[in-house]
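Structure file target.pdb; described as PDB, C-alpha atoms.
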```pdb
ATOM      1  CA  MET R   1     -27.834 -11.372   7.595
ATOM      2  CA  ALA R   2     -26.898  -8.819  10.261
ATOM      3  CA  ASN R   3     -30.508  -8.703  11.434
ATOM      4  CA  ASP R   4     -30.001 -12.156  12.907
ATOM      5  CA  LYS R   5     -27.109 -10.923  15.084
ATOM      6  CA  THR R   6     -27.321  -8.902  18.266
ATOM      7  CA  SER R   7     -25.266  -5.752  18.772
ATOM      8  CA  MET R   8     -22.793  -7.598  21.004
ATOM      9  CA  GLN R   9     -22.380 -10.358  18.420
ATOM     10  CA  LEU R  10     -21.543  -7.760  15.782
ATOM     11  CA  VAL R  11     -18.968  -6.178  18.089
ATOM     12  CA  ALA R  12     -17.465  -9.548  19.038
ATOM     13  CA  ASN R  13     -17.271 -10.483  15.367
ATOM     14  CA  GLY R  14     -14.994  -7.520  14.642
ATOM     15  CA  ILE R  15     -12.792  -8.173  17.666
ATOM     16  CA  LEU R  16     -12.388 -11.929  17.315
ATOM     17  CA  LYS R  17     -13.815 -13.792  14.312
ATOM     18  CA  GLU R  18     -13.036 -11.101  11.718
ATOM     19  CA  ASN R  19     -10.275  -9.158  13.467
ATOM     20  CA  PRO R  20      -8.939  -6.785  10.769
ATOM     21  CA  ILE R  21      -5.268  -7.488  11.508
ATOM     22  CA  PHE R  22      -5.036 -11.006  12.892
ATOM     23  CA  ARG R  23      -7.831 -12.660  10.918
ATOM     24  CA  LEU R  24      -8.360 -10.651   7.727
ATOM     25  CA  ALA R  25      -4.761  -9.388   7.366
ATOM     26  CA  LEU R  26      -5.945  -5.945   6.222
ATOM     27  CA  SER R  27      -4.351  -2.530   6.805
ATOM     28  CA  MET R  28      -1.004  -4.130   7.577
ATOM     29  CA  CYS R  29       1.024  -1.004   6.783
ATOM     30  CA  PRO R  30       0.210   0.805  10.065
ATOM     31  CA  ALA R  31       0.307  -2.453  12.026
ATOM     32  CA  VAL R  32       3.921  -2.850  11.004
ATOM     33  CA  GLY R  33       5.042   0.749  10.674
ATOM     34  CA  ILE R  34       3.787   2.541  13.772
ATOM     35  CA  SER R  35       2.953  -0.157  16.324
ATOM     36  CA  THR R  36       6.264   0.098  18.169
ATOM     37  CA  THR R  37       4.584   1.112  21.440
ATOM     38  CA  VAL R  38       1.237   0.564  23.145
ATOM     39  CA  MET R  39       0.451   4.286  23.040
ATOM     40  CA  ASN R  40       1.115   4.563  19.310
ATOM     41  CA  GLY R  41      -1.182   1.613  18.693
ATOM     42  CA  PHE R  42      -3.861   3.097  20.936
ATOM     43  CA  MET R  43      -3.797   6.543  19.337
ATOM     44  CA  LEU R  44      -3.990   5.280  15.760
ATOM     45  CA  GLY R  45      -6.570   2.740  16.872
ATOM     46  CA  ILE R  46      -8.776   5.501  18.269
ATOM     47  CA  ALA R  47      -8.506   7.429  15.001
ATOM     48  CA  VAL R  48      -9.444   4.361  12.935
ATOM     49  CA  LEU R  49     -12.301   3.536  15.328
ATOM     50  CA  PHE R  50     -13.737   7.028  14.910
ATOM     51  CA  VAL R  51     -13.460   6.966  11.119
ATOM     52  CA  GLN R  52     -14.846   3.429  10.829
ATOM     53  CA  VAL R  53     -17.935   4.105  12.950
ATOM     54  CA  CYS R  54     -18.717   7.489  11.408
ATOM     55  CA  SER R  55     -18.183   6.238   7.848
ATOM     56  CA  SER R  56     -20.307   3.135   8.398
ATOM     57  CA  VAL R  57     -23.179   5.154   9.856
ATOM     58  CA  THR R  58     -22.955   7.789   7.107
ATOM     59  CA  ILE R  59     -23.013   5.270   4.256
ATOM     60  CA  SER R  60     -25.827   3.318   5.870
ATOM     61  CA  MET R  61     -27.900   6.497   6.105
ATOM     62  CA  VAL R  62     -27.476   7.453   2.453
ATOM     63  CA  LYS R  63     -27.101   3.979   0.887
ATOM     64  CA  ASN R  64     -30.333   4.321  -1.112
ATOM     65  CA  LEU R  65     -29.062   7.526  -2.709
ATOM     66  CA  ILE R  66     -25.743   6.094  -3.928
ATOM     67  CA  HIS R  67     -25.607   5.026  -7.565
ATOM     68  CA  PRO R  68     -23.901   1.619  -7.915
ATOM     69  CA  ARG R  69     -21.378   2.977 -10.415
ATOM     70  CA  ILE R  70     -20.019   5.593  -8.026
ATOM     71  CA  ARG R  71     -20.202   3.676  -4.767
ATOM     72  CA  ILE R  72     -16.401   3.298  -4.346
ATOM     73  CA  PRO R  73     -15.669   7.019  -4.983
ATOM     74  CA  THR R  74     -18.503   7.809  -2.560
ATOM     75  CA  TYR R  75     -16.933   5.580   0.083
ATOM     76  CA  THR R  76     -13.570   7.257  -0.441
ATOM     77  CA  LEU R  77     -14.997  10.776  -0.133
ATOM     78  CA  THR R  78     -16.912   9.801   2.998
ATOM     79  CA  ILE R  79     -13.834   8.264   4.613
ATOM     80  CA  ALA R  80     -11.708  11.266   3.600
ATOM     81  CA  THR R  81     -14.207  13.631   5.226
ATOM     82  CA  TRP R  82     -14.053  11.876   8.576
ATOM     83  CA  VAL R  83     -10.261  11.447   8.344
ATOM     84  CA  THR R  84      -9.990  15.207   7.868
ATOM     85  CA  VAL R  85     -12.088  15.737  10.992
ATOM     86  CA  ILE R  86     -10.003  13.453  13.210
ATOM     87  CA  ASP R  87      -6.771  14.758  11.666
ATOM     88  CA  MET R  88      -7.659  18.351  12.576
ATOM     89  CA  VAL R  89      -8.834  17.357  16.073
ATOM     90  CA  LEU R  90      -5.632  15.470  16.840
ATOM     91  CA  ALA R  91      -3.460  18.255  15.445
ATOM     92  CA  ALA R  92      -5.287  20.857  17.555
ATOM     93  CA  TYR R  93      -5.691  19.044  20.880
ATOM     94  CA  LEU R  94      -3.015  16.304  20.905
ATOM     95  CA  PRO R  95      -0.096  17.753  18.922
ATOM     96  CA  GLU R  96       2.560  15.518  20.502
ATOM     97  CA  ALA R  97       0.675  12.303  19.754
ATOM     98  CA  TYR R  98      -0.190  13.624  16.299
ATOM     99  CA  ALA R  99       3.478  14.303  15.565
ATOM    100  CA  LYS R 100       4.375  10.684  16.394
ATOM    101  CA  MET R 101       1.675   9.241  14.137
ATOM    102  CA  GLY R 102       2.626  11.547  11.276
ATOM    103  CA  ILE R 103       1.335  10.525   7.883
ATOM    104  CA  PHE R 104      -0.383   7.375   9.153
ATOM    105  CA  VAL R 105      -3.476   9.377  10.175
ATOM    106  CA  LYS R 106      -3.893  10.684   6.632
ATOM    107  CA  LEU R 107      -3.311   7.184   5.249
ATOM    108  CA  ILE R 108      -6.478   5.995   7.006
ATOM    109  CA  VAL R 109      -8.251   7.099   3.815
ATOM    110  CA  ALA R 110      -6.640   4.162   2.028
ATOM    111  CA  PHE R 111      -7.151   1.556   4.767
ATOM    112  CA  ALA R 112      -8.724  -1.468   3.120
ATOM    113  CA  ILE R 113     -10.609  -2.527   6.241
ATOM    114  CA  ILE R 114     -12.787   0.607   6.247
ATOM    115  CA  THR R 115     -13.664   0.469   2.554
ATOM    116  CA  MET R 116     -14.345  -3.262   2.803
ATOM    117  CA  ARG R 117     -16.829  -2.864   5.656
ATOM    118  CA  LEU R 118     -18.663  -0.100   3.809
ATOM    119  CA  GLU R 119     -18.985  -2.324   0.729
ATOM    120  CA  MET R 120     -19.720  -5.582   2.561
ATOM    121  CA  PHE R 121     -21.938  -4.310   5.366
ATOM    122  CA  ALA R 122     -22.890  -0.637   5.698
ATOM    123  CA  CYS R 123     -24.302  -0.280   2.179
ATOM    124  CA  LYS R 124     -26.697  -3.177   2.821
ATOM    125  CA  GLU R 125     -27.676  -2.923   6.490
ATOM    126  CA  PRO R 126     -29.590  -0.435   8.664
ATOM    127  CA  VAL R 127     -27.889   2.328  10.636
ATOM    128  CA  GLY R 128     -28.014   0.554  13.989
ATOM    129  CA  ALA R 129     -26.368  -2.622  12.751
ATOM    130  CA  SER R 130     -23.800  -0.602  10.800
ATOM    131  CA  PHE R 131     -22.895   1.318  13.937
ATOM    132  CA  TRP R 132     -22.228  -1.847  15.923
ATOM    133  CA  ASP R 133     -20.356  -3.471  13.056
ATOM    134  CA  GLY R 134     -18.168  -0.377  12.669
ATOM    135  CA  LEU R 135     -17.582  -0.314  16.420
ATOM    136  CA  GLY R 136     -16.548  -3.960  16.427
ATOM    137  CA  MET R 137     -14.179  -3.557  13.491
ATOM    138  CA  GLY R 138     -12.692  -0.396  14.955
ATOM    139  CA  LEU R 139     -12.175  -2.008  18.344
ATOM    140  CA  GLY R 140     -10.698  -5.086  16.684
ATOM    141  CA  PHE R 141      -8.171  -2.915  14.868
ATOM    142  CA  MET R 142      -7.339  -0.910  17.992
ATOM    143  CA  ILE R 143      -6.904  -4.006  20.165
ATOM    144  CA  GLY R 144      -4.738  -5.564  17.469
ATOM    145  CA  MET R 145      -2.533  -2.468  17.272
ATOM    146  CA  MET R 146      -2.197  -2.252  21.047
ATOM    147  CA  THR R 147      -1.338  -5.945  21.325
ATOM    148  CA  ILE R 148       1.387  -5.653  18.710
ATOM    149  CA  GLY R 149       2.642  -2.480  20.375
ATOM    150  CA  LEU R 150       2.733  -4.185  23.771
ATOM    151  CA  VAL R 151       4.851  -7.081  22.507
ATOM    152  CA  ARG R 152       7.223  -4.873  20.527
ATOM    153  CA  GLU R 153       7.628  -2.262  23.263
ATOM    154  CA  LEU R 154       8.267  -4.857  25.965
ATOM    155  CA  LEU R 155      10.667  -7.015  23.964
ATOM    156  CA  GLY R 156      12.295  -4.138  22.109
ATOM    157  CA  SER R 157      12.830  -1.569  24.860
ATOM    158  CA  GLY R 158      11.925  -3.451  28.047
ATOM    159  CA  ALA R 159       9.146  -0.965  28.787
ATOM    160  CA  ILE R 160       5.345  -0.738  28.862
ATOM    161  CA  LEU R 161       3.637   2.595  28.201
ATOM    162  CA  GLY R 162       7.037   4.225  28.438
ATOM    163  CA  TYR R 163       7.812   2.839  31.915
ATOM    164  CA  ASP R 164      10.921   0.704  32.172
ATOM    165  CA  VAL R 165       9.855  -2.672  33.616
ATOM    166  CA  LEU R 166      12.817  -4.883  32.743
ATOM    167  CA  GLY R 167      15.736  -2.565  33.366
ATOM    168  CA  PHE R 168      17.353  -3.465  30.049
ATOM    169  CA  LYS R 169      16.572  -3.720  26.338
ATOM    170  CA  PRO R 170      16.258  -7.425  25.553
ATOM    171  CA  LEU R 171      15.902  -7.501  21.746
ATOM    172  CA  LEU R 172      16.255  -4.250  19.803
ATOM    173  CA  PHE R 173      15.122  -6.205  16.736
ATOM    174  CA  PHE R 174      11.490  -5.782  17.820
ATOM    175  CA  ILE R 175      11.666  -2.017  17.404
ATOM    176  CA  LEU R 176      12.565  -2.379  13.726
ATOM    177  CA  PRO R 177       9.779  -2.323  11.089
ATOM    178  CA  CYS R 178      10.515  -5.894   9.969
ATOM    179  CA  ALA R 179       9.709  -7.115  13.475
ATOM    180  CA  GLY R 180       6.131  -5.984  12.950
ATOM    181  CA  PHE R 181       5.597  -8.722  10.374
ATOM    182  CA  PHE R 182       7.136 -11.242  12.756
ATOM    183  CA  VAL R 183       4.836 -10.294  15.650
ATOM    184  CA  VAL R 184       1.745 -10.156  13.410
ATOM    185  CA  GLY R 185       2.579 -13.614  12.071
ATOM    186  CA  LEU R 186       2.848 -15.028  15.583
ATOM    187  CA  MET R 187      -0.461 -13.449  16.590
ATOM    188  CA  MET R 188      -2.172 -14.821  13.481
ATOM    189  CA  ALA R 189      -0.879 -18.283  14.316
ATOM    190  CA  PHE R 190      -2.202 -17.897  17.858
ATOM    191  CA  PHE R 191      -5.670 -16.881  16.658
ATOM    192  CA  ASN R 192      -5.742 -19.802  14.217
ATOM    193  CA  TYR R 193      -4.713 -22.204  16.966
ATOM    194  CA  ILE R 194      -7.474 -20.947  19.270
ATOM    195  CA  GLU R 195     -10.042 -21.360  16.483
ATOM    196  CA  VAL R 196      -8.908 -24.919  15.684
ATOM    197  CA  PHE R 197      -8.810 -25.810  19.369
ATOM    198  CA  TYR R 198     -12.317 -24.439  19.913
ATOM    199  CA  LYS R 199     -13.712 -26.304  16.902
ATOM    200  CA  ARG R 200     -12.131 -29.574  18.038
ATOM    201  CA  LYS R 201     -13.428 -29.121  21.563
ATOM    202  CA  LYS R 202     -16.896 -28.305  20.247
ATOM    203  CA  GLY R 203     -16.770 -31.402  18.036
ATOM    204  CA  PHE R 204     -15.859 -33.644  20.959
ATOM    205  CA  THR R 205     -18.622 -32.280  23.173
ATOM    206  CA  SER R 206     -21.370 -32.445  20.514
TER     207      SER R 206
END
```
Hey, can you dump this file as structure tokens for me?
Amino acid sequence: MANDKTSMQLVANGILKENPIFRLALSMCPAVGISTTVMNGFMLGIAVLFVQVCSSVTISMVKNLIHPRIRIPTYTLTIATWVTVIDMVLAAYLPEAYAKMGIFVKLIVAFAIITMRLEMFACKEPVGASFWDGLGMGLGFMIGMMTIGLVRELLGSGAILGYDVLGFKPLLFFILPCAGFFVVGLMMAFFNYIEVFYKRKKGFTS
């Protein structure tokens, strides 16, 4: 149960052990479609982080009032409410970044990772634990998006955060949508390797 985990363990779980992109392979559409630069990954990551935390806290607060038969529609309405909030904020205060993200902000409503955490965690745990779990999952998604964006921006355009660091464009392939699957696959393999290596090392030392 979550009560046995500290706040930092819940956060670390979302970033590493249950990373939404590299470990759970959820919400792959934005990971592939928009993560062509670090900034794109960061901006969508911030939006998902906000929605995940607010939705988790909201559902945790009202979990005893939700009838089991309408829990999924309730999750969807809750997520849609917070997506509307962040959508309006981005459109009003960061119009240029909002224009680049386009429809992906609105698609957060359908992100499987958010609904899954509401069903698996927030509807069963107290508000405090749900906050930290949502924070961990949101940070895990944001870090995953930024990592993919870093690789694709560097290898596709030779730049980082828009600054040219290589002086040439090494592999334009990485800017294409199909390259997103390639980079995600490599990162998944890396995470799996680290996990296997850690388990083997732990086995040898025990």
Expected answer as a ChimeraX atom specification: all residues with atoms within 12 Å of (13.3, -1.9, 23.6), only C-alpha atoms: /R:36-37,149-176,179
Answer key for the PyMOL selection byres ((chain R and resi 11-19) around 10), residues as a PyMOL selection string: chain R and resi 5-10+20-26+113+129+131-144+188+191+195
Best match for closeness to Thr84 (chain R) among R:Leu107, R:Val196, R:Val53, R:Met120, counting all atoms listed in the file: R:Leu107
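Rounded to one decimal, CA of Phe104 (chain R) and CA of Asn192 (chain R) lie 28.2 Å from each other.
Compared by their closest atoms to Phe182 (chain R), and using all atoms listed in the file, the residues R:Ile148, R:Ile34, R:Met39, R:Cys123 rank with R:Ile148 nearest.
Atom pair CA of Phe181 (chain R) / CA of Asn40 (chain R): separated by 16.6 Å.
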Selected residue, from R:Tyr98, R:Tyr75, R:Phe111, R:Tyr93, that lies nearest to Val48 (chain R) when counting only C-alpha atoms: R:Phe111
Result set of the PyMOL selection byres ((chain R and resi 78) around 12) on the coordinates above, as JSON, numbers by chain: {"R": [51, 52, 53, 54, 55, 56, 57, 58, 59, 60, 61, 62, 63, 66, 71, 72, 73, 74, 75, 76, 77, 79, 80, 81, 82, 83, 84, 85, 108, 109, 110, 114, 115, 118]}
Computed interatomic separation between CA of Ala122 (chain R) and CA of Met145 (chain R) (Å):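 Computed distance, CA of Ala122 (chain R) to CA of Met145 (chain R), equals 23.5 Å.
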